[in-house]
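S.K.: I am sharing start-v3.cif, which consists of mmCIF, C-alpha atoms:
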data_data
#
loop_
_atom_site.group_PDB
_atom_site.id
_atom_site.type_symbol
_atom_site.label_atom_id
_atom_site.label_comp_id
_atom_site.auth_asym_id
_atom_site.auth_seq_id
_atom_site.Cartn_x
_atom_site.Cartn_y
_atom_site.Cartn_z
ATOM 1 C CA MET D 1 0.000 0.000 0.000
ATOM 2 C CA VAL D 2 1.236 3.473 -0.942
ATOM 3 C CA ALA D 3 -1.035 6.289 0.231
ATOM 4 C CA PRO D 4 -1.003 9.962 1.280
ATOM 5 C CA ASP D 5 -0.033 10.586 4.880
ATOM 6 C CA THR D 6 -3.014 12.879 5.471
ATOM 7 C CA GLU D 7 -6.355 13.918 3.989
ATOM 8 C CA ARG D 8 -5.895 14.940 0.343
ATOM 9 C CA SER D 9 -9.470 15.392 -0.834
ATOM 10 C CA ALA D 10 -10.135 17.815 -3.700
ATOM 11 C CA THR D 11 -6.475 17.989 -4.710
ATOM 12 C CA GLY D 12 -7.336 16.958 -8.247
ATOM 13 C CA HIS D 13 -4.422 15.740 -10.352
ATOM 14 C CA ALA D 14 -1.830 17.963 -8.692
ATOM 15 C CA ILE D 15 1.731 16.636 -8.578
ATOM 16 C CA THR D 16 4.742 17.770 -6.533
ATOM 17 C CA ILE D 17 7.646 19.184 -8.563
ATOM 18 C CA PHE D 18 9.140 22.021 -6.468
ATOM 19 C CA ASP D 19 9.531 20.126 -3.173
ATOM 20 C CA PRO D 20 10.906 16.719 -2.225
ATOM 21 C CA ILE D 21 8.441 13.892 -1.642
ATOM 22 C CA ARG D 22 9.041 12.314 1.754
ATOM 23 C CA THR D 23 7.906 8.839 2.757
ATOM 24 C CA MET D 24 7.508 6.911 5.988
ATOM 25 C CA PRO D 25 6.981 3.157 6.481
ATOM 26 C CA ILE D 26 3.817 2.290 8.378
ATOM 27 C CA GLU D 27 3.244 -0.719 10.615
ATOM 28 C CA LYS D 28 -0.070 -2.139 11.745
ATOM 29 C CA ASP D 29 -0.181 -4.553 14.686
ATOM 30 C CA GLY D 30 3.604 -4.835 14.491
ATOM 31 C CA THR D 31 3.596 -5.820 10.809
ATOM 32 C CA TYR D 32 4.724 -3.757 7.824
ATOM 33 C CA PHE D 33 1.582 -2.283 6.270
ATOM 34 C CA GLY D 34 2.662 0.217 3.620
ATOM 35 C CA ILE D 35 4.243 3.567 2.836
ATOM 36 C CA ALA D 36 2.865 6.980 3.802
ATOM 37 C CA VAL D 37 3.677 9.720 1.295
ATOM 38 C CA ASP D 38 3.589 13.443 2.077
ATOM 39 C CA GLY D 39 2.420 14.200 -1.456
ATOM 40 C CA THR D 40 -0.762 14.078 -3.486
ATOM 41 C CA PRO D 41 -2.657 10.943 -4.570
ATOM 42 C CA ALA D 42 -1.163 11.296 -8.055
ATOM 43 C CA ASP D 43 2.315 11.542 -6.463
ATOM 44 C CA CYS D 44 1.686 8.229 -4.722
ATOM 45 C CA ILE D 45 0.929 6.455 -7.979
ATOM 46 C CA LYS D 46 3.846 8.004 -9.850
ATOM 47 C CA LEU D 47 6.252 7.075 -7.062
ATOM 48 C CA ALA D 48 4.907 3.539 -6.636
ATOM 49 C CA VAL D 49 4.670 2.557 -10.302
ATOM 50 C CA SER D 50 7.724 4.395 -11.617
ATOM 51 C CA PHE D 51 10.135 3.763 -8.730
ATOM 52 C CA LEU D 52 9.093 1.827 -5.626
ATOM 53 C CA GLN D 53 7.478 -1.031 -7.573
ATOM 54 C CA LYS D 54 9.285 -0.496 -10.864
ATOM 55 C CA GLU D 55 10.584 -4.078 -11.019
ATOM 56 C CA THR D 56 7.240 -5.619 -10.039
ATOM 57 C CA PRO D 57 4.534 -3.212 -11.243
ATOM 58 C CA PRO D 58 1.008 -3.783 -9.938
ATOM 59 C CA ASP D 59 -1.598 -5.662 -11.962
ATOM 60 C CA LEU D 60 -4.238 -3.197 -10.798
ATOM 61 C CA VAL D 61 -4.423 0.072 -8.859
ATOM 62 C CA VAL D 62 -7.310 0.418 -6.418
ATOM 63 C CA SER D 63 -7.832 3.978 -5.215
ATOM 64 C CA GLY D 64 -9.967 4.481 -2.131
ATOM 65 C CA ILE D 65 -12.207 3.624 -0.438
ATOM 66 C CA ASN D 66 -12.931 7.358 -0.324
ATOM 67 C CA LEU D 67 -15.468 8.747 2.129
ATOM 68 C CA GLY D 68 -17.931 10.940 0.243
ATOM 69 C CA SER D 69 -19.291 10.573 -3.270
ATOM 70 C CA ASN D 70 -17.314 11.285 -6.410
ATOM 71 C CA THR D 71 -20.239 11.804 -8.736
ATOM 72 C CA GLY D 72 -20.920 14.494 -11.307
ATOM 73 C CA ILE D 73 -18.376 17.294 -11.560
ATOM 74 C CA SER D 74 -16.607 15.980 -8.443
ATOM 75 C CA VAL D 75 -14.718 13.716 -10.836
ATOM 76 C CA LEU D 76 -12.590 16.689 -11.907
ATOM 77 C CA TYR D 77 -11.689 17.709 -8.345
ATOM 78 C CA SER D 78 -11.211 14.287 -6.785
ATOM 79 C CA GLY D 79 -7.803 13.127 -5.594
ATOM 80 C CA THR D 80 -9.174 9.582 -5.426
ATOM 81 C CA ILE D 81 -10.067 9.557 -9.102
ATOM 82 C CA SER D 82 -6.860 11.361 -10.036
ATOM 83 C CA ALA D 83 -4.822 8.562 -8.473
ATOM 84 C CA ALA D 84 -6.695 6.077 -10.648
ATOM 85 C CA SER D 85 -6.332 8.241 -13.752
ATOM 86 C CA GLU D 86 -2.568 8.578 -13.128
ATOM 87 C CA ALA D 87 -2.316 4.789 -13.049
ATOM 88 C CA THR D 88 -4.236 4.653 -16.318
ATOM 89 C CA ILE D 89 -1.820 7.144 -17.863
ATOM 90 C CA LEU D 90 1.056 4.895 -16.751
ATOM 91 C CA GLY D 91 -0.596 1.878 -18.365
ATOM 92 C CA VAL D 92 -1.887 0.175 -15.212
ATOM 93 C CA PRO D 93 -5.599 -0.761 -14.962
ATOM 94 C CA ALA D 94 -7.300 1.263 -12.227
ATOM 95 C CA ILE D 95 -10.519 1.604 -10.255
ATOM 96 C CA ALA D 96 -11.580 4.450 -7.953
ATOM 97 C CA PHE D 97 -13.987 3.555 -5.127
ATOM 98 C CA SER D 98 -16.076 6.001 -3.098
ATOM 99 C CA LEU D 99 -18.578 5.291 -0.324
ATOM 100 C CA CYS D 100 -21.219 7.990 -0.519
ATOM 101 C CA THR D 101 -21.219 9.240 3.057
ATOM 102 C CA TYR D 102 -19.119 11.225 5.522
ATOM 103 C CA SER D 103 -20.491 9.556 8.643
ATOM 104 C CA ASP D 104 -21.576 6.114 9.865
ATOM 105 C CA PRO D 105 -20.103 4.226 6.883
ATOM 106 C CA HIS D 106 -21.350 0.750 6.017
ATOM 107 C CA TRP D 107 -17.916 -0.716 5.398
ATOM 108 C CA GLU D 108 -19.283 -4.225 4.889
ATOM 109 C CA THR D 109 -21.150 -2.990 1.813
ATOM 110 C CA ALA D 110 -18.074 -1.237 0.433
ATOM 111 C CA GLU D 111 -15.898 -4.298 1.111
ATOM 112 C CA TYR D 112 -18.284 -6.539 -0.826
ATOM 113 C CA VAL D 113 -18.526 -4.129 -3.774
ATOM 114 C CA VAL D 114 -14.752 -3.659 -4.019
ATOM 115 C CA ALA D 115 -14.149 -7.419 -4.095
ATOM 116 C CA GLU D 116 -16.835 -7.987 -6.732
ATOM 117 C CA VAL D 117 -15.809 -5.135 -9.017
ATOM 118 C CA VAL D 118 -12.105 -6.000 -8.828
ATOM 119 C CA LYS D 119 -12.891 -9.574 -9.903
ATOM 120 C CA LYS D 120 -14.973 -8.337 -12.829
ATOM 121 C CA VAL D 121 -12.344 -5.861 -14.031
ATOM 122 C CA MET D 122 -9.541 -8.420 -13.790
ATOM 123 C CA LYS D 123 -11.622 -10.895 -15.792
ATOM 124 C CA ASN D 124 -12.875 -8.288 -18.303
ATOM 125 C CA PRO D 125 -10.209 -5.570 -18.616
ATOM 126 C CA LEU D 126 -11.286 -2.050 -19.496
ATOM 127 C CA PRO D 127 -10.134 -0.509 -22.795
ATOM 128 C CA ASP D 128 -6.804 1.311 -22.831
ATOM 129 C CA GLY D 129 -6.986 4.807 -21.403
ATOM 130 C CA THR D 130 -10.118 4.025 -19.381
ATOM 131 C CA LEU D 131 -10.574 3.802 -15.621
ATOM 132 C CA LEU D 132 -13.648 2.852 -13.640
ATOM 133 C CA ASN D 133 -15.253 5.238 -11.164
ATOM 134 C CA VAL D 134 -17.347 3.349 -8.608
ATOM 135 C CA ASN D 135 -19.771 5.093 -6.237
ATOM 136 C CA ILE D 136 -21.307 2.948 -3.500
ATOM 137 C CA PRO D 137 -24.522 3.869 -1.675
ATOM 138 C CA ASN D 138 -24.132 3.934 2.101
ATOM 139 C CA ILE D 139 -26.734 1.304 2.912
ATOM 140 C CA PRO D 140 -26.612 -2.116 4.603
ATOM 141 C CA LEU D 141 -25.413 -4.855 2.279
ATOM 142 C CA SER D 142 -28.803 -6.571 2.549
ATOM 143 C CA GLU D 143 -30.449 -3.489 0.999
ATOM 144 C CA LEU D 144 -28.055 -3.129 -1.921
ATOM 145 C CA LYS D 145 -30.015 -3.619 -5.151
ATOM 146 C CA GLY D 146 -27.101 -4.316 -7.458
ATOM 147 C CA MET D 147 -24.810 -2.466 -9.849
ATOM 148 C CA LYS D 148 -25.603 -0.301 -12.862
ATOM 149 C CA ALA D 149 -23.600 1.432 -15.546
ATOM 150 C CA ALA D 150 -23.930 5.173 -15.016
ATOM 151 C CA ARG D 151 -22.919 8.279 -16.876
ATOM 152 C CA MET D 152 -21.354 11.276 -15.186
ATOM 153 C CA GLY D 153 -24.203 13.603 -14.268
ATOM 154 C CA ARG D 154 -23.833 17.194 -15.441
ATOM 155 C CA SER D 155 -23.462 19.374 -12.349
ATOM 156 C CA ARG D 156 -21.547 22.202 -10.713
ATOM 157 C CA PHE D 157 -20.689 23.304 -7.196
ATOM 158 C CA ILE D 158 -22.341 26.348 -5.690
ATOM 159 C CA GLU D 159 -19.496 27.846 -3.685
ATOM 160 C CA LYS D 160 -20.023 29.441 -0.295
ATOM 161 C CA PHE D 161 -17.216 31.362 1.385
ATOM 162 C CA SER D 162 -17.233 32.485 4.993
ATOM 163 C CA GLU D 163 -14.999 35.421 5.935
ATOM 164 C CA HIS D 164 -12.972 35.556 9.167
ATOM 165 C CA ARG D 165 -10.084 37.446 10.757
ATOM 166 C CA ASP D 166 -7.088 35.918 12.465
ATOM 167 C CA PRO D 167 -5.686 37.358 15.757
ATOM 168 C CA ARG D 168 -3.553 39.799 13.747
ATOM 169 C CA GLY D 169 -6.510 41.159 11.852
ATOM 170 C CA ASN D 170 -5.740 39.457 8.541
ATOM 171 C CA LEU D 171 -8.689 38.186 6.562
ATOM 172 C CA TYR D 172 -9.009 34.494 5.727
ATOM 173 C CA TYR D 173 -11.741 32.428 4.089
ATOM 174 C CA TRP D 174 -13.252 28.957 4.419
ATOM 175 C CA LEU D 175 -14.699 27.345 1.307
ATOM 176 C CA ASP D 176 -17.871 25.281 1.468
ATOM 177 C CA GLY D 177 -20.521 24.473 -1.082
ATOM 178 C CA GLU D 178 -23.111 22.077 -2.390
ATOM 179 C CA LEU D 179 -23.567 20.127 -5.594
ATOM 180 C CA ASP D 180 -26.072 21.623 -8.025
ATOM 181 C CA LEU D 181 -27.487 18.991 -10.393
ATOM 182 C CA LEU D 182 -27.997 20.243 -13.927
ATOM 183 C CA ASP D 183 -29.029 16.836 -15.254
ATOM 184 C CA ASP D 184 -31.691 14.900 -13.357
ATOM 185 C CA ALA D 185 -31.923 11.855 -15.622
ATOM 186 C CA ALA D 186 -32.289 8.409 -14.058
ATOM 187 C CA ASP D 187 -29.126 7.047 -15.690
ATOM 188 C CA THR D 188 -26.763 9.553 -14.040
ATOM 189 C CA ASP D 189 -24.365 8.491 -11.313
ATOM 190 C CA VAL D 190 -26.066 10.609 -8.642
ATOM 191 C CA ARG D 191 -29.542 9.175 -9.261
ATOM 192 C CA ILE D 192 -28.358 5.577 -9.569
ATOM 193 C CA VAL D 193 -26.660 5.780 -6.156
ATOM 194 C CA GLU D 194 -29.760 7.399 -4.665
ATOM 195 C CA SER D 195 -31.875 4.527 -5.994
ATOM 196 C CA GLY D 196 -29.793 1.973 -4.054
ATOM 197 C CA TYR D 197 -27.467 0.753 -6.790
ATOM 198 C CA VAL D 198 -23.706 0.949 -7.172
ATOM 199 C CA ALA D 199 -22.885 3.408 -9.961
ATOM 200 C CA LEU D 200 -20.221 2.169 -12.388
ATOM 201 C CA THR D 201 -18.872 4.977 -14.573
ATOM 202 C CA PRO D 202 -16.113 4.327 -17.114
ATOM 203 C CA ILE D 203 -13.970 7.453 -17.543
ATOM 204 C CA HIS D 204 -11.597 8.087 -20.432
ATOM 205 C CA ILE D 205 -8.516 10.205 -19.884
ATOM 206 C CA ASP D 206 -8.905 11.776 -23.354
ATOM 207 C CA LEU D 207 -10.852 14.970 -22.550
ATOM 208 C CA THR D 208 -11.139 16.059 -26.180
ATOM 209 C CA ALA D 209 -14.633 17.319 -27.072
ATOM 210 C CA HIS D 210 -14.708 15.464 -30.379
ATOM 211 C CA HIS D 211 -18.098 16.892 -31.337
ATOM 212 C CA CYS D 212 -16.485 20.361 -31.475
ATOM 213 C CA MET D 213 -13.519 19.444 -33.662
ATOM 214 C CA GLU D 214 -15.227 20.427 -36.910
ATOM 215 C CA GLN D 215 -16.258 23.806 -35.488
ATOM 216 C CA VAL D 216 -12.700 24.589 -34.413
ATOM 217 C CA GLN D 217 -11.294 23.433 -37.745
ATOM 218 C CA ILE D 218 -13.643 25.822 -39.557
ATOM 219 C CA TRP D 219 -12.264 28.712 -37.505
ATOM 220 C CA ASN D 220 -8.770 27.809 -38.636
ATOM 221 C CA THR D 221 -9.848 27.644 -42.285
ATOM 222 C CA GLU D 222 -11.633 31.011 -42.122
ATOM 223 C CA ASN D 223 -8.489 32.723 -40.781
ATOM 224 C CA LYS D 224 -6.336 31.674 -43.710
ATOM 225 C CA ARG D 225 -5.245 34.533 -46.005
#
Could you render the structure as structure tokens?
M.R.:
Amino acid sequence: MVAPDTERSATGHAITIFDPIRTMPIEKDGTYFGIAVDGTPADCIKLAVSFLQKETPPDLVVSGINLGSNTGISVLYSGTISAASEATILGVPAIAFSLCTYSDPHWETAEYVVAEVVKKVMKNPLPDGTLLNVNIPNIPLSELKGMKAARMGRSRFIEKFSEHRDPRGNLYYWLDGELDLLDDAADTDVRIVESGYVALTPIHIDLTAHHCMEQVQIWNTENKR
């Protein structure tokens, strides 16, 4: 296991290039457990695949289990998904798992889903350049209805900043917000999780908007003299 040494939510695909990346071995119950990294989730994958495990690269990268959903536009902010996408860039199959709660997690449900999805992906590999984003409803395993393919729901965050002053009178701000759904269709990741199913969303690392290519090409043609 190679993982960040502290909470790294919403770090996106940031990587560390101007500071050293420090590591620390971690033991659990007196047994070596893994390596804590003082970098981002993407740093962890780069370091593990390109150096620490270079001679014996992993067959699969499992990122998570993250607390809190990574549905909709959260995909672009998520450190959990960015770790999986970095593995995909490096040619290693990857899955990102999120349990959709911040309190009272049903870990038995998440454990079951992770085991099942990993088996399916290892048996039926995803296409090159594609990772799987898995969002798990926080319900007892007995209430889980199954798994469904889901598309990323169109959404945005409505930001809320609170203003404060430190003891020296300097202003500082805390960011908060809530997800605003712009697409309420039943096949979106948000709605599938709400209906009691695991949402399985394949994500491609090619962000090209192919449907706009012709429009952009026309601009180039029109500017020729």
S.K.: Starting from the displayed file, determine the output of the PyMOL selection byres ((chain D and resi 42) around 9) and express the residue list as a compact mmCIF listing (two decimals) with C-alpha atoms, in the frame of the given file.
M.R.:
# COMPACT_ATOMS: atom_id res chain seq x y z
CA GLY D 12 -7.34 16.96 -8.25
CA HIS D 13 -4.42 15.74 -10.35
CA ALA D 14 -1.83 17.96 -8.69
CA ILE D 15 1.73 16.64 -8.58
CA THR D 16 4.74 17.77 -6.53
CA GLY D 39 2.42 14.20 -1.46
CA THR D 40 -0.76 14.08 -3.49
CA PRO D 41 -2.66 10.94 -4.57
CA ASP D 43 2.32 11.54 -6.46
CA CYS D 44 1.69 8.23 -4.72
CA ILE D 45 0.93 6.46 -7.98
CA LYS D 46 3.85 8.00 -9.85
CA LEU D 47 6.25 7.08 -7.06
CA GLY D 79 -7.80 13.13 -5.59
CA THR D 80 -9.17 9.58 -5.43
CA SER D 82 -6.86 11.36 -10.04
CA ALA D 83 -4.82 8.56 -8.47
CA ALA D 84 -6.70 6.08 -10.65
CA SER D 85 -6.33 8.24 -13.75
CA GLU D 86 -2.57 8.58 -13.13
CA ALA D 87 -2.32 4.79 -13.05
S.K.: Please report, as a tab-separated table, each residue of stretch 40-97 of chain D lying at most 9 Å from stretch 103-117 of chain D, together with the nearest pair of atoms and the separation in Å rounded to one decimal; use only C-alpha atoms, and order rows by chain and ascending residue number.
M.R.:
residue	atom	partner	partner_atom	distance
D:Val62	CA	D:Val114	CA	8.8
D:Ile65	CA	D:Ala110	CA	7.7
D:Leu67	CA	D:Pro105	CA	8.0
D:Gly68	CA	D:Ser103	CA	8.9
D:Ile95	CA	D:Val117	CA	8.7
D:Phe97	CA	D:Val114	CA	7.3
S.K.: Run through the PyMOL selection byres ((chain D and resi 174) around 8) on the given coordinates and return the selected residues as a list of chain:residue names.
M.R.: D:Phe161, D:Ser162, D:Glu163, D:Tyr172, D:Tyr173, D:Leu175, D:Asp176
S.K.: Calculate how many Å separate atom CA of D:Leu60 from atom CA of D:Ala94, rounding to one decimal.
M.R.: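 A separation of 5.6 Å between them.
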S.K.: Can you tell me how far atom CA of D:Asp59 sits from atom CA of D:Pro125, in Å to one decimal?
M.R.: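 Interatomic distance, atom CA of D:Asp59 to atom CA of D:Pro125: 10.9 Å.
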S.K.: For stretch 184-198 of chain D, list every protein, DNA or RNA residue within 7 Å, evaluated using all atoms listed in the file, and leave out those in the same chain fewer than 2 positions away; present the list as a ChimeraX atom specification.
M.R.: /D:71-72,134-137,144-148,150-153,181-182,200
S.K.: Figure out the distance between atom CA of D:Val118 and atom CA of D:Thr130, please, to one decimal in Å.
M.R.: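 Result for atom CA of D:Thr130 versus atom CA of D:Val118: 14.7 Å, one decimal.
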S.K.: Nearest residue to D:Val49 out of D:Asn66, D:Thr88, D:Thr23, D:Ser155, using only C-alpha atoms?
M.R.: D:Thr88
S.K.: Give the padded box for stretch 156-173 of chain D as AutoDock Vina command-line options: axis-aligned, covering all atoms listed in the file, 4 Å on each side, centre and edge lengths in Å to one decimal.
M.R.:
--center_x -12.9 --center_y 31.7 --center_z 2.5 --size_x 26.8 --size_y 27.0 --size_z 34.5
